[in-house]
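What follows is final_36.pdb (PDB, C-alpha atoms).
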```pdb
ATOM      1  CA  MET A   1       0.000   0.000   0.000
ATOM      2  CA  SER A   2       1.435   3.393  -0.976
ATOM      3  CA  PRO A   3       2.170   6.089   1.629
ATOM      4  CA  PRO A   4      -0.760   8.359   0.580
ATOM      5  CA  LEU A   5      -3.180   5.490   1.212
ATOM      6  CA  ARG A   6      -1.701   4.560   4.587
ATOM      7  CA  ARG A   7      -1.707   8.169   5.710
ATOM      8  CA  ARG A   8      -5.207   8.687   4.368
ATOM      9  CA  ASP A   9      -6.430   5.826   6.552
ATOM     10  CA  LEU A  10      -4.749   7.353   9.600
ATOM     11  CA  LEU A  11      -6.352  10.690   8.780
ATOM     12  CA  LEU A  12      -9.793   9.120   8.471
ATOM     13  CA  GLY A  13      -9.336   7.345  11.784
ATOM     14  CA  ALA A  14      -8.428  10.645  13.439
ATOM     15  CA  VAL A  15     -11.491  12.319  11.885
ATOM     16  CA  VAL A  16     -13.798   9.605  13.201
ATOM     17  CA  LEU A  17     -12.183   9.816  16.634
ATOM     18  CA  LEU A  18     -12.495  13.604  16.835
ATOM     19  CA  VAL A  19     -16.105  13.692  15.640
ATOM     20  CA  SER A  20     -17.141  10.887  17.998
ATOM     21  CA  LEU A  21     -15.467  12.424  21.046
ATOM     22  CA  SER A  22     -16.827  15.888  20.205
ATOM     23  CA  LEU A  23     -20.364  14.515  20.146
ATOM     24  CA  VAL A  24     -19.780  12.649  23.395
ATOM     25  CA  ARG A  25     -18.439  15.821  24.993
ATOM     26  CA  LEU A  26     -21.539  17.760  23.971
ATOM     27  CA  GLY A  27     -23.715  15.069  25.549
ATOM     28  CA  VAL A  28     -21.692  15.113  28.756
ATOM     29  CA  ASP A  29     -21.798  18.909  28.898
ATOM     30  CA  ARG A  30     -25.569  18.876  28.610
ATOM     31  CA  ALA A  31     -25.773  16.258  31.361
ATOM     32  CA  VAL A  32     -23.555  18.395  33.610
ATOM     33  CA  LEU A  33     -25.762  21.426  33.014
ATOM     34  CA  ALA A  34     -28.954  19.511  33.697
ATOM     35  CA  HIS A  35     -27.558  17.921  36.860
ATOM     36  CA  ALA A  36     -26.057  21.153  38.174
ATOM     37  CA  ASP A  37     -29.324  23.024  37.568
ATOM     38  CA  SER A  38     -31.314  20.397  39.430
ATOM     39  CA  VAL A  39     -28.932  20.593  42.397
ATOM     40  CA  ARG A  40     -28.898  24.395  42.378
ATOM     41  CA  GLY A  41     -32.664  24.345  42.614
ATOM     42  CA  HIS A  42     -32.275  23.145  46.175
ATOM     43  CA  GLY A  43     -29.811  25.867  47.219
ATOM     44  CA  PRO A  44     -26.501  27.526  46.240
ATOM     45  CA  THR A  45     -23.934  25.112  44.872
ATOM     46  CA  THR A  46     -21.074  24.843  42.406
ATOM     47  CA  ASP A  47     -19.987  22.287  39.869
ATOM     48  CA  GLY A  48     -17.474  21.069  42.454
ATOM     49  CA  GLU A  49     -20.385  19.522  44.362
ATOM     50  CA  VAL A  50     -21.043  17.126  41.506
ATOM     51  CA  PRO A  51     -17.471  15.785  41.192
ATOM     52  CA  VAL A  52     -18.076  12.508  39.362
ATOM     53  CA  ILE A  53     -19.811  13.930  36.311
ATOM     54  CA  GLU A  54     -17.563  17.006  36.401
ATOM     55  CA  HIS A  55     -14.475  14.785  36.313
ATOM     56  CA  LEU A  56     -16.044  12.906  33.412
ATOM     57  CA  ARG A  57     -16.555  16.199  31.594
ATOM     58  CA  GLN A  58     -12.937  17.201  32.101
ATOM     59  CA  GLY A  59     -11.728  13.756  31.013
ATOM     60  CA  VAL A  60     -13.731  13.804  27.789
ATOM     61  CA  LYS A  61     -12.591  17.370  27.113
ATOM     62  CA  GLY A  62      -8.978  16.210  27.455
ATOM     63  CA  LEU A  63      -9.614  13.351  25.033
ATOM     64  CA  VAL A  64     -11.045  15.788  22.499
ATOM     65  CA  TRP A  65      -7.831  17.813  22.663
ATOM     66  CA  LEU A  66      -5.812  14.640  22.113
ATOM     67  CA  ALA A  67      -8.018  13.801  19.114
ATOM     68  CA  ARG A  68      -7.384  17.278  17.706
ATOM     69  CA  LEU A  69      -3.660  16.716  18.072
ATOM     70  CA  ALA A  70      -3.930  13.301  16.396
ATOM     71  CA  LEU A  71      -5.847  14.806  13.472
ATOM     72  CA  THR A  72      -3.248  17.561  13.106
ATOM     73  CA  VAL A  73      -0.422  15.022  12.956
ATOM     74  CA  ALA A  74      -2.366  12.834  10.512
ATOM     75  CA  VAL A  75      -3.278  15.608   8.073
ATOM     76  CA  VAL A  76       0.249  17.053   8.095
ATOM     77  CA  ALA A  77       1.713  13.586   7.404
ATOM     78  CA  TRP A  78      -0.779  13.031   4.583
ATOM     79  CA  MET A  79      -0.132  16.450   3.101
ATOM     80  CA  ALA A  80       3.654  16.032   3.211
ATOM     81  CA  SER A  81       3.347  12.877   1.122
ATOM     82  CA  ALA A  82       0.602  14.054  -1.233
ATOM     83  CA  ARG A  83       2.170  17.444  -1.979
ATOM     84  CA  ARG A  84       5.497  15.796  -2.756
ATOM     85  CA  VAL A  85       3.794  13.413  -5.195
ATOM     86  CA  VAL A  86       1.891  16.056  -7.159
ATOM     87  CA  GLN A  87       5.059  18.116  -7.554
ATOM     88  CA  THR A  88       6.249  15.443 -10.016
ATOM     89  CA  TYR A  89       3.187  15.747 -12.257
ATOM     90  CA  ASP A  90       3.038  17.304 -15.723
ATOM     91  CA  CYS A  91       1.883  20.726 -14.563
ATOM     92  CA  GLY A  92       3.380  23.906 -13.208
ATOM     93  CA  VAL A  93       3.135  27.150 -11.234
ATOM     94  CA  PHE A  94       1.612  25.845  -8.024
ATOM     95  CA  ARG A  95       0.074  28.118  -5.403
ATOM     96  CA  SER A  96       2.309  26.621  -2.697
ATOM     97  CA  ASP A  97       5.775  25.178  -2.248
ATOM     98  CA  PRO A  98       6.229  21.533  -1.165
ATOM     99  CA  ASP A  99       8.777  22.708   1.420
ATOM    100  CA  PHE A 100       5.863  24.262   3.325
ATOM    101  CA  ALA A 101       3.830  21.051   3.383
ATOM    102  CA  VAL A 102       4.703  20.665   7.082
ATOM    103  CA  THR A 103       5.885  24.041   8.349
ATOM    104  CA  GLY A 104       3.066  25.897   6.595
ATOM    105  CA  TRP A 105       0.615  24.508   9.142
ATOM    106  CA  PHE A 106       2.425  25.941  12.151
ATOM    107  CA  LEU A 107       4.113  29.239  11.220
ATOM    108  CA  PRO A 108       1.915  32.297  11.810
ATOM    109  CA  PRO A 109       0.704  34.168   9.852
ATOM    110  CA  ILE A 110       1.549  31.776   6.995
ATOM    111  CA  ASN A 111      -0.679  29.103   8.533
ATOM    112  CA  LEU A 112      -3.737  31.253   7.878
ATOM    113  CA  VAL A 113      -3.478  30.457   4.158
ATOM    114  CA  ALA A 114      -0.791  27.796   3.592
ATOM    115  CA  PRO A 115      -2.953  24.707   4.353
ATOM    116  CA  TYR A 116      -5.658  26.020   2.016
ATOM    117  CA  LEU A 117      -3.118  26.594  -0.770
ATOM    118  CA  LEU A 118      -1.450  23.213  -0.199
ATOM    119  CA  MET A 119      -4.765  21.367  -0.311
ATOM    120  CA  SER A 120      -5.810  23.272  -3.443
ATOM    121  CA  ASP A 121      -2.590  22.304  -5.206
ATOM    122  CA  VAL A 122      -2.904  18.634  -4.283
ATOM    123  CA  TRP A 123      -6.523  18.499  -5.454
ATOM    124  CA  LEU A 124      -6.086  20.428  -8.705
ATOM    125  CA  ALA A 125      -2.807  18.815  -9.769
ATOM    126  CA  SER A 126      -4.043  15.276  -9.152
ATOM    127  CA  HIS A 127      -7.580  15.742 -10.505
ATOM    128  CA  PRO A 128      -8.211  13.409 -13.455
ATOM    129  CA  GLY A 129      -9.984  16.173 -15.383
ATOM    130  CA  ARG A 130      -6.927  18.431 -15.405
ATOM    131  CA  ARG A 131      -5.390  18.947 -18.823
ATOM    132  CA  PRO A 132      -1.674  18.137 -19.294
ATOM    133  CA  GLU A 133       0.800  20.951 -18.568
ATOM    134  CA  ALA A 134      -1.903  22.979 -16.818
ATOM    135  CA  ILE A 135      -0.954  26.057 -14.802
ATOM    136  CA  ILE A 136      -2.337  25.073 -11.409
ATOM    137  CA  SER A 137      -2.441  28.593  -9.984
ATOM    138  CA  ARG A 138      -4.880  29.574 -12.736
ATOM    139  CA  LEU A 139      -7.365  26.792 -11.996
ATOM    140  CA  ARG A 140     -10.388  27.539  -9.827
ATOM    141  CA  VAL A 141     -10.247  26.140  -6.293
ATOM    142  CA  PRO A 142     -13.244  23.884  -5.521
ATOM    143  CA  ARG A 143     -15.793  25.292  -3.068
ATOM    144  CA  ARG A 144     -15.445  22.281  -0.775
ATOM    145  CA  ILE A 145     -11.814  23.174  -0.059
ATOM    146  CA  THR A 146     -12.690  26.820   0.605
ATOM    147  CA  LEU A 147     -15.563  25.766   2.865
ATOM    148  CA  TRP A 148     -13.334  23.300   4.757
ATOM    149  CA  TRP A 149     -10.745  25.943   5.541
ATOM    150  CA  LEU A 150     -13.269  28.654   6.430
ATOM    151  CA  LEU A 151     -15.004  26.276   8.839
ATOM    152  CA  PHE A 152     -11.690  25.392  10.436
ATOM    153  CA  LEU A 153     -10.733  29.053  10.847
ATOM    154  CA  ALA A 154     -14.188  29.759  12.281
ATOM    155  CA  SER A 155     -13.796  26.943  14.831
ATOM    156  CA  VAL A 156     -10.429  28.366  15.928
ATOM    157  CA  ALA A 157     -11.811  31.914  16.197
ATOM    158  CA  LEU A 158     -14.853  30.757  18.174
ATOM    159  CA  GLY A 159     -12.650  28.673  20.452
ATOM    160  CA  ILE A 160     -10.493  31.725  21.214
ATOM    161  CA  MET A 161     -13.595  33.838  21.873
ATOM    162  CA  GLU A 162     -14.995  31.203  24.210
ATOM    163  CA  ALA A 163     -11.732  30.908  26.140
ATOM    164  CA  ALA A 164     -11.467  34.683  26.479
ATOM    165  CA  ASP A 165     -15.073  34.938  27.659
ATOM    166  CA  ARG A 166     -14.536  32.229  30.256
ATOM    167  CA  VAL A 167     -11.469  34.041  31.592
ATOM    168  CA  HIS A 168     -13.190  37.410  31.842
ATOM    169  CA  GLY A 169     -16.870  36.547  32.079
ATOM    170  CA  GLY A 170     -17.278  34.838  35.444
ATOM    171  CA  SER A 171     -19.670  31.872  35.344
ATOM    172  CA  THR A 172     -18.225  28.798  33.650
ATOM    173  CA  TRP A 173     -21.665  27.706  32.480
ATOM    174  CA  ALA A 174     -22.886  31.082  31.243
ATOM    175  CA  PRO A 175     -25.329  30.714  28.292
ATOM    176  CA  PHE A 176     -23.072  32.835  26.085
ATOM    177  CA  ASP A 177     -20.170  30.486  26.758
ATOM    178  CA  MET A 178     -22.285  27.489  25.817
ATOM    179  CA  ARG A 179     -23.522  29.042  22.584
ATOM    180  CA  LEU A 180     -19.945  29.774  21.567
ATOM    181  CA  ASP A 181     -18.927  26.246  22.512
ATOM    182  CA  TYR A 182     -21.742  24.671  20.496
ATOM    183  CA  ALA A 183     -20.935  26.848  17.468
ATOM    184  CA  MET A 184     -17.221  26.034  17.742
ATOM    185  CA  THR A 185     -17.886  22.303  18.021
ATOM    186  CA  ALA A 186     -20.292  22.364  15.063
ATOM    187  CA  CYS A 187     -17.688  24.112  12.892
ATOM    188  CA  GLN A 188     -15.015  21.683  14.082
ATOM    189  CA  ILE A 189     -17.105  18.620  13.254
ATOM    190  CA  ALA A 190     -18.129  19.940   9.820
ATOM    191  CA  SER A 191     -14.542  20.922   9.019
ATOM    192  CA  ALA A 192     -13.193  17.511  10.059
ATOM    193  CA  VAL A 193     -15.793  15.647   7.984
ATOM    194  CA  LEU A 194     -15.040  17.804   4.927
ATOM    195  CA  LEU A 195     -11.321  17.239   5.444
ATOM    196  CA  GLY A 196     -11.821  13.475   5.461
ATOM    197  CA  TRP A 197     -13.953  13.641   2.319
ATOM    198  CA  ILE A 198     -11.398  15.800   0.485
ATOM    199  CA  ALA A 199      -8.485  13.581   1.533
ATOM    200  CA  VAL A 200     -10.283  10.428   0.368
ATOM    201  CA  GLN A 201     -11.035  11.904  -3.047
ATOM    202  CA  ALA A 202      -7.598  13.477  -3.512
ATOM    203  CA  THR A 203      -5.871  10.230  -2.527
ATOM    204  CA  GLY A 204      -8.042   8.445  -5.069
ATOM    205  CA  PHE A 205      -6.910  10.889  -7.744
ATOM    206  CA  ILE A 206      -3.271  10.262  -6.809
ATOM    207  CA  GLU A 207      -3.724   6.508  -6.914
ATOM    208  CA  ARG A 208      -5.293   6.734 -10.382
ATOM    209  CA  ARG A 209      -2.227   8.586 -11.598
ATOM    210  CA  ALA A 210       0.198   6.227  -9.822
ATOM    211  CA  PRO A 211       1.188   4.199 -12.944
ATOM    212  CA  VAL A 212       2.425   7.358 -14.715
ATOM    213  CA  ALA A 213       3.633   9.340 -11.703
ATOM    214  CA  SER A 214       6.960   9.185  -9.955
ATOM    215  CA  PRO A 215       6.984   7.139  -6.732
ATOM    216  CA  VAL A 216       6.993   8.864  -3.350
TER     217      VAL A 216
END
```

Take the structure I supplied and represent it as structure tokens, if you would.
Amino acid sequence: MSPPLRRRDLLLGAVVLLVSLSLVRLGVDRAVLAHADSVRGHGPTTDGEVPVIEHLRQGVKGLVWLARLALTVAVVAWMASARRVVQTYDCGVFRSDPDFAVTGWFLPPINLVAPYLLMSDVWLASHPGRRPEAIISRLRVPRRITLWWLLFLASVALGIMEAADRVHGGSTWAPFDMRLDYAMTACQIASAVLLGWIAVQATGFIERRAPVASPV
């Protein structure tokens, strides 16, 4: 099995893990809210008075962060392989450089656009409908890639807003905090699912070109 396929499978596993744990965390959060509200109805209390379910909430939240880290590692590994492969194809003038296939995800402010450009190049260069010797930078980027990256950026922005509001806003379970958290999680789930879909299709394109492309 070629490296793009192996790394695609790891990426898909990380997507499934992140989506599953994110949904579980939302369910646990709702249970914590419901339980805390029922206890507070009998007098002043804090979440510390319901330690078992609160510890469960914190544990699941930690697992979600680990799943995010796993997905980051998986997509960077996949991209490093896929971008290197498409560089050998019969086309030119990419939007990105293969040397940024890893570092482009982590260097601000480059990481605001580099993953989007890298994914666009992989998709467009490997697409079976591309004409030979095409100028990749002149081809239109598919909406699914734009939507994936915008959803990811939105999830990051909402996560930062939620964290800032928790630091300065007082109550951990304030309704505004929860709305931000739900919006962030929804964007994160949608972005992860789109990422998996794009990676599956792009890897398929690469595999179809494998007989005429240079090996990784």

Between CA of Trp148 in chain A and CA of Val85 in chain A, distance in Å (one decimal): 22.1 Å

Proximity to Arg83 in chain A - best of A:Asp181, A:Glu133, A:Asp99, A:Glu207, only C-alpha atoms: A:Asp99

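The spacing separating CA of Leu139 in chain A from CA of Val193 in chain A amounts to 24.4 Å.
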
Could you pull the residues within 12 Å of Thr185 in chain A, counting all atoms listed in the file, minus those fewer than 2 positions along the same chain, as a PyMOL selection string? chain A and resi 18-27+61+64-65+68+151-152+154-159+162+178-183+187-192

Write out as a list in words which residues come within 7 Å of range 122-130 of chain A when counting only C-alpha atoms, dropping same-chain ones fewer than 3 positions away.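 Answer for this query is Ala82, Arg83, Val86, Cys91, Leu118, Met119, Ala134, Ile136, Ala202, Phe205 and Ile206 of chain A.
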
Please dump the current selection as a tab-separated table (two decimals), in the frame of the given file; keep C-alpha atoms.
```
chain	number	residue	atom	x	y	z
A	82	ALA	CA	0.60	14.05	-1.23
A	83	ARG	CA	2.17	17.44	-1.98
A	86	VAL	CA	1.89	16.06	-7.16
A	91	CYS	CA	1.88	20.73	-14.56
A	118	LEU	CA	-1.45	23.21	-0.20
A	119	MET	CA	-4.76	21.37	-0.31
A	134	ALA	CA	-1.90	22.98	-16.82
A	136	ILE	CA	-2.34	25.07	-11.41
A	202	ALA	CA	-7.60	13.48	-3.51
A	205	PHE	CA	-6.91	10.89	-7.74
A	206	ILE	CA	-3.27	10.26	-6.81
```

For Leu71 in chain A: contacts at 8 Å, only C-alpha atoms, fewer than 2 positions along chain excluded, given as an mmCIF file with C-alpha atoms, keeping the file's coordinate frame:
```
data_model
loop_
_atom_site.group_PDB
_atom_site.id
_atom_site.type_symbol
_atom_site.label_atom_id
_atom_site.label_comp_id
_atom_site.auth_asym_id
_atom_site.auth_seq_id
_atom_site.Cartn_x
_atom_site.Cartn_y
_atom_site.Cartn_z
ATOM 1 C CA LEU A 11 -6.352 10.690 8.780
ATOM 2 C CA ALA A 14 -8.428 10.645 13.439
ATOM 3 C CA VAL A 15 -11.491 12.319 11.885
ATOM 4 C CA LEU A 18 -12.495 13.604 16.835
ATOM 5 C CA ALA A 67 -8.018 13.801 19.114
ATOM 6 C CA ARG A 68 -7.384 17.278 17.706
ATOM 7 C CA LEU A 69 -3.660 16.716 18.072
ATOM 8 C CA VAL A 73 -0.422 15.022 12.956
ATOM 9 C CA ALA A 74 -2.366 12.834 10.512
ATOM 10 C CA VAL A 75 -3.278 15.608 8.073
#
```

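Residues lying within 9 Å of Arg138 in chain A, counting only C-alpha atoms and ignoring same-chain neighbours fewer than 3 positions away, are Val93, Phe94, Arg95, Ala134 and Ile135 of chain A.
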
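If only C-alpha atoms are the atoms counted, then among A:Thr203, A:Gly13, A:Asp121, A:Ile53 the closest residue to Ala70 in chain A is A:Gly13.
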
Please list as a PyMOL selection string every residue within 9 Å of Leu5 in chain A, counting all atoms listed in the file and excluding residues in the same chain fewer than 4 positions away. chain A and resi 1+9-10+78+200+203-204+207

What does the structure give for the distance between CA of Leu117 in chain A and CA of Ala77 in chain A, in Å to one decimal?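 That distance, rounded to one decimal, is 16.1 Å.
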
Counting only C-alpha atoms, figure out which residue out of A:Asn111, A:Ser96, A:Gln201, A:Gln58 gets nearest to Leu12 in chain A.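 Distance minimum relative to Leu12 in chain A lands on A:Gln201.
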
Which residue is closest to Gln87 in chain A? Choose from A:Leu112, A:Leu66, A:Leu194, A:Ala101 and count all atoms listed in the file.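 Checking each of A:Leu112, A:Leu66, A:Leu194, A:Ala101 against Gln87 in chain A, counting all atoms listed in the file, the winner is A:Ala101.
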
My list of candidates is A:Ala210, A:Ile145, A:Val76, A:Val28. Which is closest to Leu56 in chain A when distances are computed with all atoms listed in the file?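 The shortest atom-to-atom distance to Leu56 in chain A comes from A:Val28.
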